[in-house]
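Engineer: Sharing start34.pdb, PDB, C-alpha atoms:
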ATOM      1  CA  MET A 274     -79.569 -82.258  17.874  1.00  0.00           C
ATOM      2  CA  ALA A 275     -77.297 -83.493  20.693  1.00  0.00           C
ATOM      3  CA  GLU A 276     -78.719 -84.530  24.060  1.00  0.00           C
ATOM      4  CA  ILE A 277     -79.257 -81.819  26.702  1.00  0.00           C
ATOM      5  CA  LEU A 278     -77.017 -82.418  29.725  1.00  0.00           C
ATOM      6  CA  LYS A 279     -77.919 -79.312  31.769  1.00  0.00           C
ATOM      7  CA  GLU A 280     -80.015 -76.198  31.286  1.00  0.00           C
ATOM      8  CA  GLY A 281     -80.936 -73.150  33.303  1.00  0.00           C
ATOM      9  CA  PHE A 282     -80.508 -69.440  33.884  1.00  0.00           C
ATOM     10  CA  LEU A 283     -77.149 -67.876  34.742  1.00  0.00           C
ATOM     11  CA  LEU A 284     -75.821 -64.344  34.779  1.00  0.00           C
ATOM     12  CA  LYS A 285     -73.043 -63.891  32.203  1.00  0.00           C
ATOM     13  CA  GLN A 286     -70.618 -61.007  32.104  1.00  0.00           C
ATOM     14  CA  GLY A 287     -70.254 -59.345  28.702  1.00  0.00           C
ATOM     15  CA  ALA A 288     -66.893 -59.308  26.949  1.00  0.00           C
ATOM     16  CA  VAL A 289     -66.809 -55.601  26.094  1.00  0.00           C
ATOM     17  CA  HIS A 290     -68.990 -53.616  28.494  1.00  0.00           C
ATOM     18  CA  LYS A 291     -68.662 -56.035  31.452  1.00  0.00           C
ATOM     19  CA  LEU A 292     -72.389 -55.817  32.190  1.00  0.00           C
ATOM     20  CA  TRP A 293     -74.073 -58.816  33.807  1.00  0.00           C
ATOM     21  CA  ARG A 294     -76.980 -60.183  31.761  1.00  0.00           C
ATOM     22  CA  ARG A 295     -79.358 -63.006  32.606  1.00  0.00           C
ATOM     23  CA  ARG A 296     -79.161 -65.684  29.924  1.00  0.00           C
ATOM     24  CA  PHE A 297     -80.663 -69.138  29.471  1.00  0.00           C
ATOM     25  CA  PHE A 298     -77.953 -71.781  28.957  1.00  0.00           C
ATOM     26  CA  ILE A 299     -78.150 -75.249  27.474  1.00  0.00           C
ATOM     27  CA  LEU A 300     -75.173 -77.597  27.764  1.00  0.00           C
ATOM     28  CA  ARG A 301     -75.323 -80.270  25.070  1.00  0.00           C
ATOM     29  CA  GLU A 302     -73.352 -83.435  24.429  1.00  0.00           C
ATOM     30  CA  GLY A 303     -70.314 -82.757  22.305  1.00  0.00           C
ATOM     31  CA  GLY A 304     -68.971 -79.863  24.368  1.00  0.00           C
ATOM     32  CA  LYS A 305     -71.237 -77.022  23.272  1.00  0.00           C
ATOM     33  CA  LEU A 306     -72.729 -74.505  25.706  1.00  0.00           C
ATOM     34  CA  PHE A 307     -75.479 -72.534  23.952  1.00  0.00           C
ATOM     35  CA  TYR A 308     -76.957 -69.377  25.412  1.00  0.00           C
ATOM     36  CA  TYR A 309     -80.155 -67.519  24.678  1.00  0.00           C
ATOM     37  CA  ARG A 310     -81.879 -64.296  25.793  1.00  0.00           C
ATOM     38  CA  ASP A 311     -84.574 -66.363  27.547  1.00  0.00           C
ATOM     39  CA  ASP A 312     -86.043 -69.851  27.752  1.00  0.00           C
ATOM     40  CA  LYS A 313     -88.909 -69.076  25.347  1.00  0.00           C
ATOM     41  CA  ASN A 314     -86.915 -69.174  22.101  1.00  0.00           C
ATOM     42  CA  THR A 315     -84.343 -71.965  22.235  1.00  0.00           C
ATOM     43  CA  SER A 316     -84.433 -72.652  18.522  1.00  0.00           C
ATOM     44  CA  ILE A 317     -81.426 -72.034  16.295  1.00  0.00           C
ATOM     45  CA  ALA A 318     -82.790 -68.553  15.546  1.00  0.00           C
ATOM     46  CA  GLY A 319     -82.766 -67.665  19.262  1.00  0.00           C
ATOM     47  CA  ILE A 320     -79.092 -68.447  19.905  1.00  0.00           C
ATOM     48  CA  VAL A 321     -77.138 -65.468  21.246  1.00  0.00           C
ATOM     49  CA  GLY A 322     -73.846 -67.357  21.435  1.00  0.00           C
ATOM     50  CA  ILE A 323     -72.082 -70.719  21.625  1.00  0.00           C
ATOM     51  CA  ILE A 324     -69.132 -71.568  23.855  1.00  0.00           C
ATOM     52  CA  ASP A 325     -67.006 -74.462  22.623  1.00  0.00           C
ATOM     53  CA  LEU A 326     -65.908 -76.340  25.731  1.00  0.00           C
ATOM     54  CA  LEU A 327     -63.189 -78.177  23.819  1.00  0.00           C
ATOM     55  CA  GLN A 328     -61.375 -74.824  23.605  1.00  0.00           C
ATOM     56  CA  CYS A 329     -61.655 -74.289  27.378  1.00  0.00           C
ATOM     57  CA  VAL A 330     -58.620 -75.017  29.490  1.00  0.00           C
ATOM     58  CA  LYS A 331     -60.267 -75.051  32.926  1.00  0.00           C
ATOM     59  CA  VAL A 332     -63.283 -74.264  35.091  1.00  0.00           C
ATOM     60  CA  ASN A 333     -62.638 -72.052  38.139  1.00  0.00           C
ATOM     61  CA  HIS A 334     -64.575 -70.952  41.171  1.00  0.00           C
ATOM     62  CA  SER A 335     -64.700 -67.178  40.864  1.00  0.00           C
ATOM     63  CA  THR A 336     -63.959 -64.550  43.482  1.00  0.00           C
ATOM     64  CA  ILE A 337     -66.138 -62.019  41.632  1.00  0.00           C
ATOM     65  CA  LYS A 338     -69.431 -63.175  43.102  1.00  0.00           C
ATOM     66  CA  PHE A 339     -70.128 -65.685  45.846  1.00  0.00           C
ATOM     67  CA  VAL A 340     -71.815 -68.154  43.483  1.00  0.00           C
ATOM     68  CA  GLY A 341     -69.681 -67.324  40.450  1.00  0.00           C
ATOM     69  CA  PHE A 342     -67.506 -69.489  38.236  1.00  0.00           C
ATOM     70  CA  GLU A 343     -65.364 -69.033  35.152  1.00  0.00           C
ATOM     71  CA  LEU A 344     -64.532 -70.894  31.959  1.00  0.00           C
ATOM     72  CA  ASP A 345     -61.018 -70.146  30.753  1.00  0.00           C
ATOM     73  CA  GLN A 346     -60.230 -70.158  27.044  1.00  0.00           C
ATOM     74  CA  PRO A 347     -56.900 -69.082  25.551  1.00  0.00           C
ATOM     75  CA  ASN A 348     -58.302 -65.718  24.377  1.00  0.00           C
ATOM     76  CA  ARG A 349     -61.151 -65.099  26.828  1.00  0.00           C
ATOM     77  CA  ILE A 350     -62.435 -65.802  30.303  1.00  0.00           C
ATOM     78  CA  PHE A 351     -66.203 -66.337  30.488  1.00  0.00           C
ATOM     79  CA  ARG A 352     -67.661 -65.310  33.865  1.00  0.00           C
ATOM     80  CA  PHE A 353     -70.959 -66.610  35.239  1.00  0.00           C
ATOM     81  CA  VAL A 354     -73.081 -66.312  38.362  1.00  0.00           C
ATOM     82  CA  ALA A 355     -75.481 -69.092  39.365  1.00  0.00           C
ATOM     83  CA  PRO A 356     -78.683 -68.538  41.362  1.00  0.00           C
ATOM     84  CA  SER A 357     -77.393 -70.664  44.274  1.00  0.00           C
ATOM     85  CA  GLU A 358     -74.310 -72.493  45.534  1.00  0.00           C
ATOM     86  CA  GLU A 359     -75.985 -75.813  44.675  1.00  0.00           C
ATOM     87  CA  GLU A 360     -76.594 -74.692  41.074  1.00  0.00           C
ATOM     88  CA  LYS A 361     -73.036 -73.386  40.806  1.00  0.00           C
ATOM     89  CA  GLN A 362     -71.618 -76.736  41.935  1.00  0.00           C
ATOM     90  CA  ASP A 363     -73.879 -78.627  39.514  1.00  0.00           C
ATOM     91  CA  TRP A 364     -72.855 -76.409  36.565  1.00  0.00           C
ATOM     92  CA  ILE A 365     -69.172 -76.841  37.408  1.00  0.00           C
ATOM     93  CA  ARG A 366     -69.587 -80.621  37.739  1.00  0.00           C
ATOM     94  CA  GLN A 367     -71.421 -80.872  34.401  1.00  0.00           C
ATOM     95  CA  LEU A 368     -68.926 -78.616  32.605  1.00  0.00           C
ATOM     96  CA  GLU A 369     -65.956 -80.555  33.956  1.00  0.00           C
ATOM     97  CA  MET A 370     -67.521 -83.873  32.956  1.00  0.00           C
ATOM     98  CA  ASN A 371     -68.033 -82.495  29.470  1.00  0.00           C
ATOM     99  CA  LEU A 372     -64.430 -81.321  29.280  1.00  0.00           C
ATOM    100  CA  VAL A 373     -63.252 -84.775  30.370  1.00  0.00           C
ATOM    101  CA  GLY A 374     -65.755 -86.543  28.125  1.00  0.00           C
ATOM    102  CA  GLY A 375     -64.624 -84.424  25.200  1.00  0.00           C
ATOM    103  CA  ALA A 376     -60.989 -85.423  25.541  1.00  0.00           C
ATOM    104  CA  ALA A 377     -59.814 -86.648  22.168  1.00  0.00           C
ATOM    105  CA  GLU A 378     -56.603 -86.629  20.171  1.00  0.00           C
ATOM    106  CA  GLY A 379     -54.949 -83.253  20.618  1.00  0.00           C
ATOM    107  CA  VAL A 380     -57.245 -82.287  23.511  1.00  0.00           C
ATOM    108  CA  PRO A 381     -55.736 -82.225  27.021  1.00  0.00           C
ATOM    109  CA  SER A 382     -56.635 -85.088  29.344  1.00  0.00           C
ATOM    110  CA  PHE A 383     -58.376 -84.810  32.714  1.00  0.00           C
ATOM    111  CA  SER A 384     -55.087 -84.198  34.519  1.00  0.00           C
ATOM    112  CA  SER A 385     -54.676 -80.952  32.566  1.00  0.00           C
ATOM    113  CA  PHE A 386     -57.896 -79.484  33.983  1.00  0.00           C
ATOM    114  CA  SER A 387     -58.188 -78.021  37.428  1.00  0.00           C
ATOM    115  CA  ILE A 388     -60.570 -76.197  39.704  1.00  0.00           C
ATOM    116  CA  SER A 389     -59.121 -73.654  42.024  1.00  0.00           C
ATOM    117  CA  SER A 390     -61.229 -72.578  44.943  1.00  0.00           C
ATOM    118  CA  THR A 391     -60.596 -69.299  46.707  1.00  0.00           C
ATOM    119  CA  ALA A 392     -62.360 -67.508  49.505  1.00  0.00           C
ATOM    120  CA  ALA A 393     -65.193 -65.537  47.961  1.00  0.00           C
ATOM    121  CA  SER A 394     -66.248 -62.162  49.212  1.00  0.00           C
ATOM    122  CA  GLY A 395     -69.759 -60.728  49.208  1.00  0.00           C
TER
END
Give the structure from the file, written as C-alpha cells.
Structural biologist:
Amino acid sequence: MAEILKEGFLLKQGAVHKLWRRRFFILREGGKLFYYRDDKNTSIAGIVGIIDLLQCVKVNHSTIKFVGFELDQPNRIFRFVAPSEEEKQDWIRQLEMNLVGGAAEGVPSFSSFSISSTAASG
C-alpha cells in the first residue's frame, strides 16, 4: 500500500444530511484520502470512503468553522474541521502538495490551484 503522508482525526460534513461526524483520515501517496469511523480499524474493511485528490480543483479555507477547510471537486465540496489552526494548516499544506505532486498529463498544474482565505467567524 502507498506511503502514509498524513493521518489524524477531522470532522467531516455529510453530503446528504449535513451532519458533522468525527472521522479518522489517512492521506496516502498517489492522491488518495481515505477515511474511517475511527483509528482502530484502518484495514480495507474499515474504509468508509475515499476522496480522489486528482479530481479536486482546489483547497479552500472555510468560513463555516474557524478551523475549517474545503476540498472542491466538480460535483461536490467536501467540508472539514480540524482540531486546531496548526492542524488545519498542516492538512491544507499536505493536500496541496499532493495535488501538485499528482499533476500529470491532463491534470491541471500548480498554477490552476488556489487557496482563498476569508475572515472566519465563530
Engineer: The PyMOL selection byres ((chain A and resi 312) around 9) - which residues does that actually catch in the file I just gave you? List them as a list in words.
Structural biologist: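 With the shown file as input, the PyMOL selection byres ((chain A and resi 312) around 9) matches Gly281, Phe282, Arg296, Phe297, Phe298, Tyr309, Arg310, Asp311, Lys313, Asn314 and Thr315 of chain A.
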Engineer: If I take atom CA of A:Glu276 and atom CA of A:Gln362, how far is one from the other in Å, to one decimal?
Structural biologist: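 Atom-to-atom, atom CA of A:Glu276 to atom CA of A:Gln362, that is 20.8 Å.
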Engineer: May I have the residues within 10 Å of A:Glu358 as a list in words, using only C-alpha atoms and disregarding those fewer than 4 positions away in the same chain?
Structural biologist: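 In the requested form, the answer reads Phe339, Val340, Gly341, Val354, Gln362, Asp363 and Trp364 of chain A.
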Engineer: Give the centre and edge lengths of an axis-aligned box, in Å to one decimal, that holds all listed atoms of stretch 278-290 of chain A with 4 Å on each side, as lines of an AutoDock Vina configuration file.
Structural biologist:
center_x = -73.9
center_y = -68.0
center_z = 30.4
size_x = 22.1
size_y = 36.8
size_z = 16.7
Engineer: By how many Å are atom CA of A:Asn333 and atom CA of A:Val289 apart?
Structural biologist: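 If I compute the distance from atom CA of A:Asn333 to atom CA of A:Val289, I get 20.8 Å.
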Engineer: In Å to one decimal, how far is atom CA of A:Gly303 from atom CA of A:Arg352?
Structural biologist: 21.1 Å
Engineer: Determine, counting all atoms listed in the file, every residue of protein, DNA or RNA that lies within 6 Å of (-65.3, -70.7, 38.6) in the file coordinates, then give the result as a ChimeraX atom specification.
Structural biologist: /A:332-335,341-343
Engineer: Excluding stretch 291-293 of chain A and residues on its chain fewer than 2 positions from it, collect all residues at most 12 Å away from it, counting all atoms listed in the file, and give them as an mmCIF file with C-alpha atoms, in the coordinates of the input.
Structural biologist:
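See around_16.cif below for the written result:
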data_model
loop_
_atom_site.group_PDB
_atom_site.id
_atom_site.type_symbol
_atom_site.label_atom_id
_atom_site.label_comp_id
_atom_site.auth_asym_id
_atom_site.auth_seq_id
_atom_site.Cartn_x
_atom_site.Cartn_y
_atom_site.Cartn_z
ATOM 1 C CA LEU A 283 -77.149 -67.876 34.742
ATOM 2 C CA LEU A 284 -75.821 -64.344 34.779
ATOM 3 C CA LYS A 285 -73.043 -63.891 32.203
ATOM 4 C CA GLN A 286 -70.618 -61.007 32.104
ATOM 5 C CA GLY A 287 -70.254 -59.345 28.702
ATOM 6 C CA ALA A 288 -66.893 -59.308 26.949
ATOM 7 C CA VAL A 289 -66.809 -55.601 26.094
ATOM 8 C CA ARG A 295 -79.358 -63.006 32.606
ATOM 9 C CA ARG A 296 -79.161 -65.684 29.924
ATOM 10 C CA ILE A 337 -66.138 -62.019 41.632
ATOM 11 C CA LYS A 338 -69.431 -63.175 43.102
ATOM 12 C CA GLY A 341 -69.681 -67.324 40.450
ATOM 13 C CA ILE A 350 -62.435 -65.802 30.303
ATOM 14 C CA PHE A 351 -66.203 -66.337 30.488
ATOM 15 C CA ARG A 352 -67.661 -65.310 33.865
ATOM 16 C CA PHE A 353 -70.959 -66.610 35.239
ATOM 17 C CA VAL A 354 -73.081 -66.312 38.362
ATOM 18 C CA ALA A 355 -75.481 -69.092 39.365
#
Engineer: Return the single residue from A:Ser316, A:Gln328, A:Asn348, A:Ser357 that is closest to A:Ile299, with distances computed using only C-alpha atoms.
Structural biologist: A:Ser316
Engineer: For A:Leu306, find every residue with an atom within 6 Å (counting all atoms listed in the file), except residues of its own chain fewer than 5 positions away, and show them as a PDB file with C-alpha atoms, in the coordinates of the input.
Structural biologist:
ATOM      1  CA  ILE A 299     -78.150 -75.249  27.474  1.00  0.00           C
ATOM      2  CA  LEU A 300     -75.173 -77.597  27.764  1.00  0.00           C
ATOM      3  CA  ILE A 323     -72.082 -70.719  21.625  1.00  0.00           C
ATOM      4  CA  ILE A 324     -69.132 -71.568  23.855  1.00  0.00           C
TER       5      ILE A 324
END
Engineer: Point out the residue among A:Leu372, A:Val330, A:Met274, A:Ile365 with the least atom-to-atom distance to A:Ile317, counting all atoms listed in the file.
Structural biologist: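 Counting all atoms listed in the file, the residue closest to A:Ile317 is A:Met274.
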Engineer: So, counting all atoms listed in the file, which residue among A:Pro356, A:Ala318, A:Ala275, A:Leu327 is closest to A:Glu369?
Structural biologist: A:Leu327
Engineer: May I ask which of the residues A:Lys279, A:Cys329, A:Phe307, A:Glu359 is the closest one to A:Gln346, counting all atoms listed in the file?
Structural biologist: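 Between A:Lys279, A:Cys329, A:Phe307, A:Glu359, the residue approaching A:Gln346 most closely is A:Cys329.
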